[in-house]
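So this block is input-v3.cif, mmCIF, C-alpha atoms and all ligand atoms:
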data_query
#
loop_
_atom_site.label_atom_id
_atom_site.label_comp_id
_atom_site.auth_asym_id
_atom_site.auth_seq_id
_atom_site.Cartn_x
_atom_site.Cartn_y
_atom_site.Cartn_z
CA MET N 1 -3.30 -19.89 13.49
CA ARG N 2 -1.87 -16.46 14.32
CA LYS N 3 -4.62 -14.32 15.75
CA ARG N 4 -3.18 -11.54 17.89
CA ILE N 5 -3.19 -8.49 15.72
CA ALA N 6 -1.73 -4.99 15.68
CA ILE N 7 -3.18 -2.61 13.11
CA LEU N 8 -0.87 0.25 12.21
CA GLY N 9 -3.12 2.95 10.78
CA SER N 10 -6.41 1.57 12.14
CA THR N 11 -8.25 4.86 11.50
CA GLY N 12 -7.68 4.79 7.72
CA SER N 13 -9.52 3.16 4.86
CA ILE N 14 -7.66 -0.17 5.14
CA GLY N 15 -7.57 -0.01 8.96
CA THR N 16 -11.32 0.47 9.40
CA THR N 17 -12.06 -2.22 6.81
CA ALA N 18 -9.71 -4.57 8.67
CA LEU N 19 -11.67 -4.09 11.89
CA ARG N 20 -14.90 -4.94 10.05
CA VAL N 21 -13.19 -8.01 8.59
CA ILE N 22 -12.15 -9.13 12.08
CA ASP N 23 -15.72 -8.63 13.38
CA GLY N 24 -17.04 -10.65 10.44
CA VAL N 25 -14.67 -13.56 10.92
CA ASN N 26 -15.10 -13.57 14.71
CA ALA N 27 -18.88 -13.78 14.36
CA SER N 28 -18.65 -17.47 13.52
CA LEU N 29 -15.88 -18.34 15.99
CA THR N 30 -15.97 -19.20 19.67
CA GLU N 31 -14.47 -16.70 22.12
CA GLU N 32 -11.35 -18.89 22.33
CA GLU N 33 -10.88 -19.05 18.56
CA GLN N 34 -11.46 -15.37 17.87
CA PHE N 35 -8.96 -12.89 16.44
CA LYS N 36 -7.86 -10.42 19.11
CA VAL N 37 -7.00 -6.79 18.45
CA VAL N 38 -3.95 -6.21 20.64
CA ALA N 39 -2.78 -2.83 19.34
CA LEU N 40 -4.11 0.03 17.22
CA SER N 41 -2.64 3.24 15.86
CA GLY N 42 -3.86 6.52 14.44
CA HIS N 43 -2.16 9.74 13.43
CA SER N 44 -4.42 12.71 14.09
CA ASN N 45 -7.96 11.29 14.06
CA VAL N 46 -7.85 10.56 17.77
CA LYS N 47 -11.62 10.72 18.14
CA LEU N 48 -12.02 7.65 15.94
CA LEU N 49 -9.01 5.95 17.53
CA ALA N 50 -10.57 6.45 20.98
CA GLU N 51 -13.86 4.93 19.76
CA GLN N 52 -11.91 1.95 18.44
CA VAL N 53 -10.16 1.57 21.79
CA ARG N 54 -13.50 1.54 23.64
CA ARG N 55 -14.91 -1.03 21.24
CA TYR N 56 -11.93 -3.40 20.76
CA GLN N 57 -10.17 -2.96 24.10
CA PRO N 58 -6.59 -3.27 22.76
CA ARG N 59 -3.73 -3.33 25.28
CA TYR N 60 -1.81 -0.69 23.32
CA ALA N 61 -2.71 2.36 21.24
CA ALA N 62 -0.19 4.56 19.45
CA VAL N 63 -0.78 8.13 18.34
CA SER N 64 1.90 8.84 15.75
CA ASP N 65 1.36 12.62 15.57
CA THR N 66 2.68 13.78 18.94
CA ASP N 67 0.52 16.94 18.84
CA TYR N 68 -2.55 14.77 19.44
CA VAL N 69 -1.32 12.56 22.26
CA SER N 70 -2.64 14.52 25.24
CA ARG N 71 -6.04 14.95 23.58
CA PHE N 72 -6.17 11.21 22.99
CA GLN N 73 -5.17 10.50 26.58
CA ARG N 74 -8.12 12.55 27.80
CA LEU N 75 -10.44 10.68 25.42
CA VAL N 76 -9.40 7.26 26.74
CA GLU N 77 -9.23 8.16 30.42
CA GLY N 78 -10.32 5.20 32.52
CA GLN N 79 -9.65 2.70 29.70
CA ASN N 80 -7.17 -0.07 30.32
CA VAL N 81 -4.88 0.86 27.45
CA GLN N 82 -1.22 1.80 27.29
CA VAL N 83 -0.77 4.90 25.15
CA LEU N 84 2.38 5.27 23.05
CA ALA N 85 3.47 8.31 21.07
CA GLY N 86 5.17 9.31 17.84
CA THR N 87 6.95 7.15 15.27
CA GLU N 88 8.70 5.44 18.17
CA GLY N 89 5.27 4.48 19.57
CA LEU N 90 4.23 3.10 16.21
CA LYS N 91 7.38 1.00 16.08
CA LYS N 92 6.82 -0.25 19.65
CA ILE N 93 3.34 -1.58 18.94
CA ALA N 94 4.73 -3.40 15.90
CA GLU N 95 7.14 -5.34 18.08
CA VAL N 96 5.27 -6.07 21.32
CA GLU N 97 5.50 -9.65 22.47
CA GLU N 98 1.72 -10.27 22.55
CA VAL N 99 1.32 -9.52 18.83
CA ASP N 100 1.89 -12.19 16.16
CA THR N 101 0.50 -10.38 13.10
CA VAL N 102 1.08 -6.75 12.17
CA LEU N 103 -1.21 -5.23 9.57
CA ALA N 104 0.75 -2.34 8.07
CA ALA N 105 -1.93 0.12 6.92
CA VAL N 106 -0.21 3.43 7.47
CA VAL N 107 0.18 5.63 4.39
CA GLY N 108 3.59 6.53 2.98
CA ALA N 109 7.19 6.13 4.03
CA ALA N 110 6.17 6.81 7.65
CA GLY N 111 5.45 3.09 8.07
CA LEU N 112 8.97 1.93 7.21
CA ALA N 113 10.56 1.68 10.67
CA ALA N 114 7.54 -0.12 12.13
CA VAL N 115 7.37 -2.67 9.30
CA LEU N 116 11.07 -3.43 9.71
CA ALA N 117 10.65 -3.74 13.47
CA ALA N 118 7.79 -6.25 13.07
CA ILE N 119 9.82 -8.32 10.63
CA ARG N 120 12.88 -8.32 12.84
CA LYS N 121 10.72 -9.80 15.61
CA GLY N 122 9.67 -12.58 13.22
CA LYS N 123 6.04 -11.52 13.07
CA ARG N 124 3.73 -11.94 10.13
CA ALA N 125 3.61 -8.63 8.29
CA ALA N 126 0.39 -8.19 6.33
CA ILE N 127 1.41 -5.34 4.05
CA ALA N 128 -1.02 -2.81 2.64
CA ASN N 129 1.45 0.04 3.15
CA LYS N 130 3.37 -0.37 -0.13
CA GLU N 131 5.69 2.63 0.14
CA PRO N 132 8.20 1.00 2.57
CA LEU N 133 8.52 -1.95 0.18
CA VAL N 134 9.12 0.45 -2.69
CA ILE N 135 11.82 2.35 -0.81
CA ALA N 136 13.58 -0.54 0.89
CA GLY N 137 12.24 -3.71 -0.75
CA LYS N 138 15.62 -5.35 -0.90
CA LEU N 139 16.32 -4.80 2.78
CA ILE N 140 12.78 -5.71 3.93
CA THR N 141 12.67 -8.96 1.96
CA SER N 142 16.16 -10.04 3.00
CA GLU N 143 15.44 -9.25 6.67
CA ALA N 144 12.16 -11.19 6.43
CA LYS N 145 14.07 -14.19 5.13
CA LYS N 146 16.70 -13.90 7.82
CA CYS N 147 14.18 -13.48 10.64
CA GLU N 148 11.72 -16.04 9.23
CA ALA N 149 8.99 -13.43 9.13
CA GLN N 150 6.15 -13.89 6.65
CA LEU N 151 5.37 -11.03 4.28
CA ILE N 152 1.79 -11.38 3.10
CA PRO N 153 0.50 -8.82 0.59
CA VAL N 154 -2.75 -6.96 1.17
CA ASP N 155 -2.68 -4.83 -1.99
CA SER N 156 -5.42 -6.49 -4.10
CA GLU N 157 -3.18 -7.12 -7.14
CA HIS N 158 -0.40 -8.60 -5.03
CA SER N 159 -2.82 -10.70 -3.01
CA ALA N 160 -4.11 -12.06 -6.34
CA ILE N 161 -0.57 -12.85 -7.52
CA PHE N 162 0.30 -14.38 -4.16
CA GLN N 163 -2.73 -16.69 -4.51
CA ALA N 164 -2.09 -17.49 -8.18
CA LEU N 165 1.58 -18.29 -7.54
CA GLN N 166 0.47 -21.20 -5.39
CA SER N 167 -0.32 -23.02 -8.67
CA GLY N 168 3.32 -23.47 -9.66
CA ARG N 169 6.95 -22.92 -8.75
CA HIS N 170 8.90 -19.70 -8.95
CA ASN N 171 11.02 -20.85 -11.92
CA GLU N 172 7.86 -21.87 -13.80
CA VAL N 173 6.51 -18.33 -13.94
CA GLU N 174 6.55 -16.75 -17.41
CA LYS N 175 5.16 -13.40 -16.29
CA ILE N 176 2.90 -11.68 -13.82
CA VAL N 177 0.26 -9.27 -15.03
CA LEU N 178 -0.87 -6.46 -12.74
CA THR N 179 -4.34 -5.23 -13.62
CA THR N 180 -5.52 -1.65 -13.17
CA SER N 181 -8.94 -0.10 -13.50
CA GLY N 182 -7.35 2.81 -15.38
CA GLY N 183 -8.50 5.29 -12.74
CA PRO N 184 -10.60 8.42 -13.39
CA PHE N 185 -8.60 9.47 -16.48
CA ARG N 186 -8.66 6.31 -18.56
CA GLY N 187 -9.05 7.33 -22.20
CA ALA N 188 -8.19 10.99 -21.50
CA ARG N 189 -5.69 13.09 -23.44
CA PRO N 190 -2.60 14.25 -21.57
CA GLU N 191 -3.28 17.93 -22.32
CA ASN N 192 -6.79 17.64 -20.87
CA ILE N 193 -5.77 16.32 -17.47
CA HIS N 194 -2.85 18.62 -16.65
CA ASP N 195 -5.20 21.03 -14.83
CA ALA N 196 -7.57 18.42 -13.33
CA THR N 197 -9.08 19.53 -10.03
CA VAL N 198 -8.69 17.74 -6.70
CA GLU N 199 -12.36 16.81 -6.90
CA GLN N 200 -11.97 15.22 -10.36
CA VAL N 201 -8.86 13.38 -9.26
CA LEU N 202 -10.50 12.00 -6.11
CA ALA N 203 -13.53 10.67 -8.04
CA HIS N 204 -12.19 7.15 -8.59
CA PRO N 205 -14.58 5.06 -10.70
CA VAL N 206 -14.17 1.80 -8.75
CA TRP N 207 -12.31 2.00 -5.43
CA ARG N 208 -13.00 4.06 -2.27
CA MET N 209 -9.61 4.60 -0.63
CA GLY N 210 -7.52 7.12 1.26
CA ARG N 211 -6.68 10.40 -0.51
CA LYS N 212 -3.02 9.72 -1.27
CA ILE N 213 -3.55 6.38 -3.02
CA THR N 214 -6.55 7.83 -4.87
CA VAL N 215 -4.34 10.57 -6.34
CA ASP N 216 -1.74 7.89 -7.13
CA SER N 217 -4.41 5.94 -8.99
CA ALA N 218 -5.19 8.98 -11.16
CA THR N 219 -1.53 9.57 -12.13
CA MET N 220 -0.95 5.77 -12.25
CA MET N 221 1.93 6.31 -9.86
CA ASN N 222 0.06 3.68 -7.86
CA LYS N 223 0.68 1.12 -10.61
CA ALA N 224 4.30 2.21 -10.83
CA LEU N 225 4.71 1.69 -7.08
CA GLU N 226 2.99 -1.68 -7.45
CA ILE N 227 5.45 -2.79 -10.16
CA ILE N 228 8.29 -2.14 -7.69
CA GLU N 229 6.30 -3.73 -4.85
CA ALA N 230 5.77 -6.88 -6.98
CA ARG N 231 9.42 -6.93 -7.97
CA TRP N 232 10.41 -7.35 -4.32
CA LEU N 233 7.51 -9.35 -2.90
CA PHE N 234 7.75 -12.04 -5.57
CA ASN N 235 11.43 -11.74 -6.46
CA MET N 236 10.58 -11.11 -10.13
CA THR N 237 12.74 -9.16 -12.54
CA PRO N 238 10.85 -6.20 -14.09
CA GLU N 239 10.91 -7.91 -17.53
CA LYS N 240 8.53 -10.49 -16.11
CA ILE N 241 5.99 -7.87 -14.99
CA GLU N 242 3.25 -6.40 -17.18
CA VAL N 243 0.41 -3.96 -16.66
CA LEU N 244 -3.04 -4.47 -18.19
CA VAL N 245 -6.01 -2.11 -17.98
CA HIS N 246 -9.18 -3.88 -16.84
CA PRO N 247 -11.81 -1.25 -16.00
CA GLN N 248 -14.19 -3.54 -14.11
CA SER N 249 -11.50 -4.62 -11.59
CA ILE N 250 -12.94 -8.12 -11.24
CA ILE N 251 -9.72 -9.90 -12.18
CA HIS N 252 -7.32 -8.63 -9.55
CA SER N 253 -4.19 -9.86 -11.39
CA LEU N 254 -2.87 -12.85 -13.31
CA VAL N 255 0.12 -15.15 -13.42
CA GLU N 256 1.19 -16.89 -16.62
CA PHE N 257 3.26 -20.05 -16.27
CA VAL N 258 5.76 -21.42 -18.79
CA ASP N 259 3.29 -24.03 -20.07
CA GLY N 260 0.91 -21.24 -21.10
CA SER N 261 -1.53 -21.72 -18.22
CA VAL N 262 -2.82 -18.41 -16.87
CA ILE N 263 -4.13 -18.31 -13.31
CA ALA N 264 -6.22 -15.31 -12.32
CA GLN N 265 -7.79 -14.40 -9.01
CA MET N 266 -11.25 -12.82 -9.18
CA GLY N 267 -13.57 -11.14 -6.78
CA ILE N 268 -15.63 -8.01 -6.55
CA PRO N 269 -13.49 -4.91 -5.97
CA ASP N 270 -13.48 -4.77 -2.17
CA MET N 271 -10.40 -4.73 0.06
CA SER N 272 -12.03 -6.88 2.76
CA LEU N 273 -11.10 -10.09 0.92
CA PRO N 274 -7.34 -9.45 0.49
CA ILE N 275 -7.16 -8.09 4.05
CA GLN N 276 -8.87 -11.19 5.42
CA TYR N 277 -6.71 -13.59 3.41
CA ALA N 278 -3.55 -11.93 4.73
CA LEU N 279 -4.83 -12.50 8.28
CA THR N 280 -6.15 -16.06 7.91
CA TYR N 281 -3.59 -17.43 5.39
CA PRO N 282 -3.09 -20.31 4.69
CA VAL N 283 -6.63 -20.97 5.88
CA ARG N 284 -9.73 -19.55 4.18
CA MET N 285 -12.72 -18.54 6.26
CA ALA N 286 -16.23 -17.20 5.68
CA GLY N 287 -16.23 -13.43 6.06
CA ILE N 288 -17.86 -10.18 5.03
CA ALA N 289 -16.69 -10.02 1.40
CA LYS N 290 -19.58 -10.00 -1.06
CA LYS N 291 -19.63 -12.90 -3.50
CA LEU N 292 -19.01 -12.64 -7.22
CA LYS N 293 -22.12 -13.28 -9.31
CA ALA N 294 -22.64 -14.11 -12.98
CA GLU N 295 -23.78 -10.53 -13.64
CA HIS N 296 -20.33 -9.22 -12.62
CA LEU N 297 -18.77 -11.44 -15.29
CA ARG N 298 -20.99 -10.35 -18.16
CA THR N 299 -18.58 -7.71 -19.40
CA LEU N 300 -14.90 -8.00 -18.67
CA THR N 301 -12.75 -5.84 -20.91
CA PHE N 302 -9.03 -5.34 -21.25
CA GLU N 303 -6.82 -2.80 -22.97
CA GLN N 304 -3.20 -1.72 -23.05
CA PRO N 305 -2.27 1.26 -20.87
CA ASP N 306 -1.63 4.51 -22.74
CA PHE N 307 1.91 5.51 -21.78
CA ARG N 308 1.50 9.01 -23.25
CA VAL N 309 -1.27 9.75 -20.73
CA PHE N 310 0.39 7.81 -17.93
CA PRO N 311 4.18 8.19 -18.20
CA ALA N 312 4.37 7.12 -14.55
CA ILE N 313 3.99 3.47 -15.56
CA GLU N 314 7.10 3.50 -17.74
CA MET N 315 8.96 5.35 -15.00
CA GLY N 316 7.92 2.56 -12.62
CA PHE N 317 9.54 -0.05 -14.85
CA GLU N 318 12.63 2.11 -15.25
CA VAL N 319 12.99 2.57 -11.50
CA ALA N 320 12.33 -1.12 -10.78
CA GLN N 321 15.15 -1.92 -13.21
CA LYS N 322 17.52 0.64 -11.73
CA GLY N 323 17.20 -0.28 -8.04
CA GLY N 324 19.52 1.43 -5.54
CA THR N 325 18.30 4.80 -4.34
CA ALA N 326 16.10 5.43 -7.40
CA ALA N 327 12.91 4.02 -5.89
CA ALA N 328 13.35 5.99 -2.66
CA VAL N 329 13.63 9.21 -4.69
CA PHE N 330 10.73 8.20 -6.90
CA ASN N 331 8.46 7.47 -3.96
CA ALA N 332 9.45 10.50 -1.88
CA ALA N 333 9.09 12.97 -4.76
CA ASN N 334 5.62 11.57 -5.36
CA GLU N 335 4.61 11.77 -1.69
CA ALA N 336 5.69 15.40 -1.50
CA ALA N 337 4.09 16.32 -4.83
CA VAL N 338 0.77 14.64 -3.93
CA GLU N 339 0.69 16.55 -0.67
CA GLN N 340 1.26 19.82 -2.53
CA PHE N 341 -1.40 18.95 -5.10
CA LEU N 342 -3.96 18.15 -2.38
CA ALA N 343 -3.11 21.47 -0.70
CA GLY N 344 -3.86 23.26 -3.98
CA ARG N 345 -0.30 24.49 -4.54
CA ILE N 346 0.54 22.65 -7.76
CA LYS N 347 -1.33 21.31 -10.77
CA PHE N 348 -2.18 17.66 -11.28
CA GLY N 349 0.23 17.35 -14.23
CA ASN N 350 3.05 18.74 -12.10
CA ILE N 351 3.08 15.63 -9.89
CA VAL N 352 4.67 13.35 -12.48
CA GLU N 353 6.87 16.20 -13.79
CA LEU N 354 8.30 16.71 -10.31
CA VAL N 355 8.93 13.00 -9.89
CA ARG N 356 10.75 12.92 -13.24
CA HIS N 357 12.77 16.01 -12.29
CA CYS N 358 13.90 14.42 -9.01
CA LEU N 359 14.84 11.15 -10.73
CA GLU N 360 16.95 13.02 -13.27
CA ASN N 361 18.70 15.21 -10.73
CA CYS N 362 19.27 12.88 -7.81
CA ASN N 363 22.62 11.63 -6.67
CA TYR N 364 21.97 8.01 -7.65
CA ARG N 365 23.62 5.18 -5.75
CA ASP N 366 23.55 1.62 -6.93
CA ARG N 367 23.85 0.06 -3.48
CA ALA N 368 22.37 1.82 -0.51
CA THR N 369 22.11 1.32 3.21
CA LEU N 370 18.88 2.15 5.03
CA GLU N 371 20.43 5.44 6.09
CA GLU N 372 21.25 6.33 2.48
CA LEU N 373 17.74 5.40 1.36
CA LEU N 374 16.31 7.71 4.02
CA GLU N 375 18.69 10.45 2.90
CA ALA N 376 17.50 10.00 -0.68
CA ASP N 377 13.90 10.21 0.60
CA ALA N 378 14.63 13.44 2.48
CA TRP N 379 16.52 14.93 -0.49
CA ALA N 380 13.63 14.33 -2.92
CA LYS N 381 11.04 15.81 -0.54
CA LYS N 382 13.21 18.90 -0.16
CA GLU N 383 13.87 19.12 -3.90
CA VAL N 384 10.13 19.19 -4.61
CA MET N 385 9.77 22.18 -2.28
CA GLU N 386 12.75 23.91 -3.94
CA CYS N 387 11.12 23.52 -7.36
CA LEU N 388 7.96 25.11 -6.00
CA LYS N 389 9.89 27.99 -4.49
CA ASN N 390 11.75 28.62 -7.73
CA HIS N 391 8.56 28.48 -9.81
CA GLN N 392 9.97 25.80 -12.09
CA LEU N 393 6.55 24.38 -12.95
CA ARG N 394 4.25 24.70 -15.95
P1 LIG N 401 -5.70 6.40 4.67
O1 LIG N 401 -5.20 7.75 4.40
O2 LIG N 401 -7.15 6.15 4.62
O3 LIG N 401 -5.19 5.92 6.10
C1 LIG N 401 -3.88 6.09 6.51
C2 LIG N 401 -3.65 5.67 7.94
O4 LIG N 401 -2.31 6.01 8.29
C3 LIG N 401 -4.55 6.39 8.95
O5 LIG N 401 -4.84 5.52 10.01
C4 LIG N 401 -3.66 7.54 9.45
O6 LIG N 401 -3.97 7.90 10.77
C5 LIG N 401 -2.29 6.92 9.39
N1 LIG N 401 -1.23 7.90 9.12
C6 LIG N 401 -1.27 8.96 8.28
N2 LIG N 401 -0.09 9.62 8.28
C7 LIG N 401 0.70 8.96 9.15
C8 LIG N 401 2.03 9.15 9.61
N3 LIG N 401 2.80 10.17 9.16
N4 LIG N 401 2.54 8.31 10.53
C9 LIG N 401 1.80 7.27 10.99
N5 LIG N 401 0.53 7.04 10.60
C10 LIG N 401 -0.01 7.87 9.69
O7 LIG N 401 -4.91 5.41 3.67
P2 LIG N 401 -5.38 4.00 3.10
O8 LIG N 401 -6.14 4.19 1.86
O9 LIG N 401 -5.96 3.18 4.19
O10 LIG N 401 -3.98 3.39 2.65
C11 LIG N 401 -3.05 2.88 3.58
C12 LIG N 401 -1.95 2.15 2.83
O11 LIG N 401 -2.50 1.02 2.16
C13 LIG N 401 -1.28 3.00 1.74
O12 LIG N 401 0.08 2.71 1.67
C14 LIG N 401 -1.97 2.55 0.47
O13 LIG N 401 -1.15 2.69 -0.68
C15 LIG N 401 -2.25 1.08 0.76
N6 LIG N 401 -3.40 0.53 0.04
C16 LIG N 401 -4.64 1.02 0.27
C17 LIG N 401 -5.74 0.50 -0.40
C18 LIG N 401 -7.14 1.01 -0.13
O14 LIG N 401 -8.08 0.45 -0.67
N7 LIG N 401 -7.34 2.02 0.66
C19 LIG N 401 -5.55 -0.52 -1.33
C20 LIG N 401 -4.27 -1.01 -1.53
C21 LIG N 401 -3.19 -0.48 -0.83
MG MG N 402 -3.48 -2.09 -5.63
#
As structure tokens, how would this structure be written, given the file I've shared?
Ligand code: NAD
Ligand code: MG
Amino acid sequence: MRKRIAILGSTGSIGTTALRVIDGVNASLTEEEQFKVVALSGHSNVKLLAEQVRRYQPRYAAVSDTDYVSRFQRLVEGQNVQVLAGTEGLKKIAEVEEVDTVLAAVVGAAGLAAVLAAIRKGKRAAIANKEPLVIAGKLITSEAKKCEAQLIPVDSEHSAIFQALQSGRHNEVEKIVLTTSGGPFRGARPENIHDATVEQVLAHPVWRMGRKITVDSATMMNKALEIIEARWLFNMTPEKIEVLVHPQSIIHSLVEFVDGSVIAQMGIPDMSLPIQYALTYPVRMAGIAKKLKAEHLRTLTFEQPDFRVFPAIEMGFEVAQKGGTAAAVFNAANEAAVEQFLAGRIKFGNIVELVRHCLENCNYRDRATLEELLEADAWAKKEVMECLKNHQLR
């Protein structure tokens, strides 16, 4: 089994959970059999990264925000760790020889170069960081095939689909159904959420996650990104993908096969299980995930998503269908708009409006190289700032 791990974004929500998962699995293994943390990365939270270095003794640590490198170096003085800096440093730790599994847990497009680097070295890429797949899914999946690198999903819905797909063949799949809790605004009216505060948006009813994905869960941009993520990870046309609201988040997603059999994966809503499965696959091991009990199954409800409240979902299908540079624009406009929302400069409702504006005004290309995808990403981020400057928002 592959057991030498690099965690890109080890100071975040997924990263810290992954370290707890590794501790949990290692507890029942001999020293020889244990998972080893070979490399870690953080952006600006160098205090936590330094604590992780002291505890896990990785050979490499990358600080992606170069402003924090010298502070980090002081914090790890005397430790036997090689410090790397910037996006280049992040990419380096994804490709070092000693690593066989890279857990991509950085947030946003920033993780793209490192994910590609890991794949090109034939490593297993355990992917939580969905944005690179959204932007460059075609390239990432074709490179993975070429370089015989495994792409294992960590996103809970995609982990569920990945597990359920093992019950049949690709051409036997009728459809895949991505579930969603509905986020904090399930059942709301569109006019009532336009001015929602950061605090209301960050109060997710089920999941505790980083700030960006929590905002995405409130707009349902997260589900839109996941439609595109699924399209590439499982090589499914968008017509075969559906979204179903399931507020309890016990069923993490479902696959329906042509014979009518529906295979669902269940568990309590906790990222430790999909993270662990991506690390131990194809083996299953005892770990820290809490077990599902009968009481969790007492009430499982389902409803159709309300597209008037969450236009992002329909946009997700549209963009998945369109391909080319559309998804790069879609993702980048969202990243920029979420940042502006969290900084208090735009309203909640403006996020999806800005994404729509960028999609309608971009210079769309059907086929795109990596360079063109990155150009589309940069254009959309700039366009969002232009709209703010010109006061084009409600
Ligand atoms: P987070 O904000 O908690 O952590 C992000 C990590 O990335 C941190 O370690 C941070 O230091 C690092 N980082 C931030 N900006 C960076 C940059 N510009 N360059 C390099 N590193 C940077 O986020 P999270 O909730 O852990 O989510 C990480 C990824 O996993 C996201 O793509 C998210 O969509 C996905 N995901 C998260 C969850 C979850 O439960 N948190 C579930 C499914 C998918
Ligand atoms: Mg998810």
*Expected selection as number ranges by chain for ligand MG 402 (chain N) within 7 Å, only C-alpha atoms and all ligand atoms*: N: 155-157, 226
*Got a sec to check which residues lie within 8 Å of ligand LIG 401 (chain N), using only C-alpha atoms and all ligand atoms, and send them as a ChimeraX atom specification?*
/N:8-16,41-45,63-65,86-87,90,104-111,127-131,154-156,207-214,222,270-271
Serialized selection, C-alpha atoms, as a JSON list (two decimals), in the frame of the given file:
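Saved as selection.json:
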[["chain", "number", "residue", "atom", "x", "y", "z"],
["N", 8, "LEU", "CA", -0.87, 0.25, 12.21],
["N", 9, "GLY", "CA", -3.12, 2.95, 10.78],
["N", 10, "SER", "CA", -6.41, 1.57, 12.14],
["N", 11, "THR", "CA", -8.25, 4.86, 11.50],
["N", 12, "GLY", "CA", -7.68, 4.79, 7.72],
["N", 13, "SER", "CA", -9.52, 3.16, 4.86],
["N", 14, "ILE", "CA", -7.66, -0.17, 5.14],
["N", 15, "GLY", "CA", -7.57, -0.01, 8.96],
["N", 16, "THR", "CA", -11.32, 0.47, 9.40],
["N", 41, "SER", "CA", -2.64, 3.24, 15.86],
["N", 42, "GLY", "CA", -3.86, 6.52, 14.44],
["N", 43, "HIS", "CA", -2.16, 9.74, 13.43],
["N", 44, "SER", "CA", -4.42, 12.71, 14.09],
["N", 45, "ASN", "CA", -7.96, 11.29, 14.06],
["N", 63, "VAL", "CA", -0.78, 8.13, 18.34],
["N", 64, "SER", "CA", 1.90, 8.84, 15.75],
["N", 65, "ASP", "CA", 1.36, 12.62, 15.57],
["N", 86, "GLY", "CA", 5.17, 9.31, 17.84],
["N", 87, "THR", "CA", 6.95, 7.15, 15.27],
["N", 90, "LEU", "CA", 4.23, 3.10, 16.21],
["N", 104, "ALA", "CA", 0.75, -2.34, 8.07],
["N", 105, "ALA", "CA", -1.93, 0.12, 6.92],
["N", 106, "VAL", "CA", -0.21, 3.43, 7.47],
["N", 107, "VAL", "CA", 0.18, 5.63, 4.39],
["N", 108, "GLY", "CA", 3.59, 6.53, 2.98],
["N", 109, "ALA", "CA", 7.19, 6.13, 4.03],
["N", 110, "ALA", "CA", 6.17, 6.81, 7.65],
["N", 111, "GLY", "CA", 5.45, 3.09, 8.07],
["N", 127, "ILE", "CA", 1.41, -5.34, 4.05],
["N", 128, "ALA", "CA", -1.02, -2.81, 2.64],
["N", 129, "ASN", "CA", 1.45, 0.04, 3.15],
["N", 130, "LYS", "CA", 3.37, -0.37, -0.13],
["N", 131, "GLU", "CA", 5.69, 2.63, 0.14],
["N", 154, "VAL", "CA", -2.75, -6.96, 1.17],
["N", 155, "ASP", "CA", -2.68, -4.83, -1.99],
["N", 156, "SER", "CA", -5.42, -6.49, -4.10],
["N", 207, "TRP", "CA", -12.31, 2.00, -5.43],
["N", 208, "ARG", "CA", -13.00, 4.06, -2.27],
["N", 209, "MET", "CA", -9.61, 4.60, -0.63],
["N", 210, "GLY", "CA", -7.52, 7.12, 1.26],
["N", 211, "ARG", "CA", -6.68, 10.40, -0.51],
["N", 212, "LYS", "CA", -3.02, 9.72, -1.27],
["N", 213, "ILE", "CA", -3.55, 6.38, -3.02],
["N", 214, "THR", "CA", -6.55, 7.83, -4.87],
["N", 222, "ASN", "CA", 0.06, 3.68, -7.86],
["N", 270, "ASP", "CA", -13.48, -4.77, -2.17],
["N", 271, "MET", "CA", -10.40, -4.73, 0.06]]
*In terms of the shortest atom-to-atom distance over only C-alpha atoms, which of N:Thr369, N:Ser249, N:Leu279, N:Pro238 is closest to Val319 (chain N)?*
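Among the listed residues, N:Pro238 lies closest to Val319 (chain N).
Take the candidates N:His252, N:Arg20, N:His246, N:Lys146 and check each one against Thr301 (chain N) using only C-alpha atoms; the shortest distance goes to N:His246.
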*Quick one: residues within 12 Å of (-8.1, 4.9, -17.9) (file frame), counting only C-alpha atoms, please, as a VMD selection string.*
chain N and resid 179 to 190 193 204 to 206 217 to 220 244 to 249 302 to 310
*State, in Å with one decimal place, the distance from CA of Lys121 (chain N) to CA of Leu151 (chain N).*
12.6 Å
_With all atoms listed in the file as the counted atoms, please give the residues lying no more than 9 Å from Glu239 (chain N), apart from itself and same-chain residues fewer than 4 positions off, as a list in words._
Lys175, Phe317 and Gln321 of chain N
*With only C-alpha atoms as the atoms that count, which of N:Ala343, N:Ile250, N:Cys362, N:Leu300 lies nearest to Thr325 (chain N)?*
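Of the candidates, the smallest distance to Thr325 (chain N) is held by N:Cys362.
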*Smallest atom-to-atom distance to Lys223 (chain N): which of N:Ile313, N:Ala160, N:Met266, N:Leu297, using all atoms listed in the file?*
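Selected residue with least distance to Lys223 (chain N): N:Ile313.
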_Just to confirm, what's the straight-line distance from CA of Leu393 (chain N) to CA of Glu375 (chain N) in Å (one decimal)?_
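Answer for the CA of Leu393 (chain N) to CA of Glu375 (chain N) separation: 24.3 Å.
From CA of Gln150 (chain N) back to CA of Met1 (chain N), the distance works out to 13.1 Å.
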*Give the answer as one residue: which of N:Leu370, N:Leu178, N:Ala6, N:Leu388 has the shortest atom-to-atom distance to Ala61 (chain N), using all atoms listed in the file?*
N:Ala6
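Distance annotation: of N:Lys91, N:Arg345, N:Lys47, N:Lys3, the residue with the minimal separation from Thr197 (chain N) is N:Arg345; atom set is all atoms listed in the file.
Point (11.1, 19.2, -1.2) has the following residues at most 12 Å away: N:Val329, N:Ala332, N:Ala333, N:Asn334, N:Glu335, N:Ala336, N:Ala337, N:Val338, N:Glu339, N:Gln340, N:Leu354, N:Val355, N:His357, N:Cys358, N:Ala376, N:Asp377, N:Ala378, N:Trp379, N:Ala380, N:Lys381, N:Lys382, N:Glu383, N:Val384, N:Met385, N:Glu386, N:Cys387, N:Leu388, N:Lys389, N:Asn390 (atoms considered: only C-alpha atoms).
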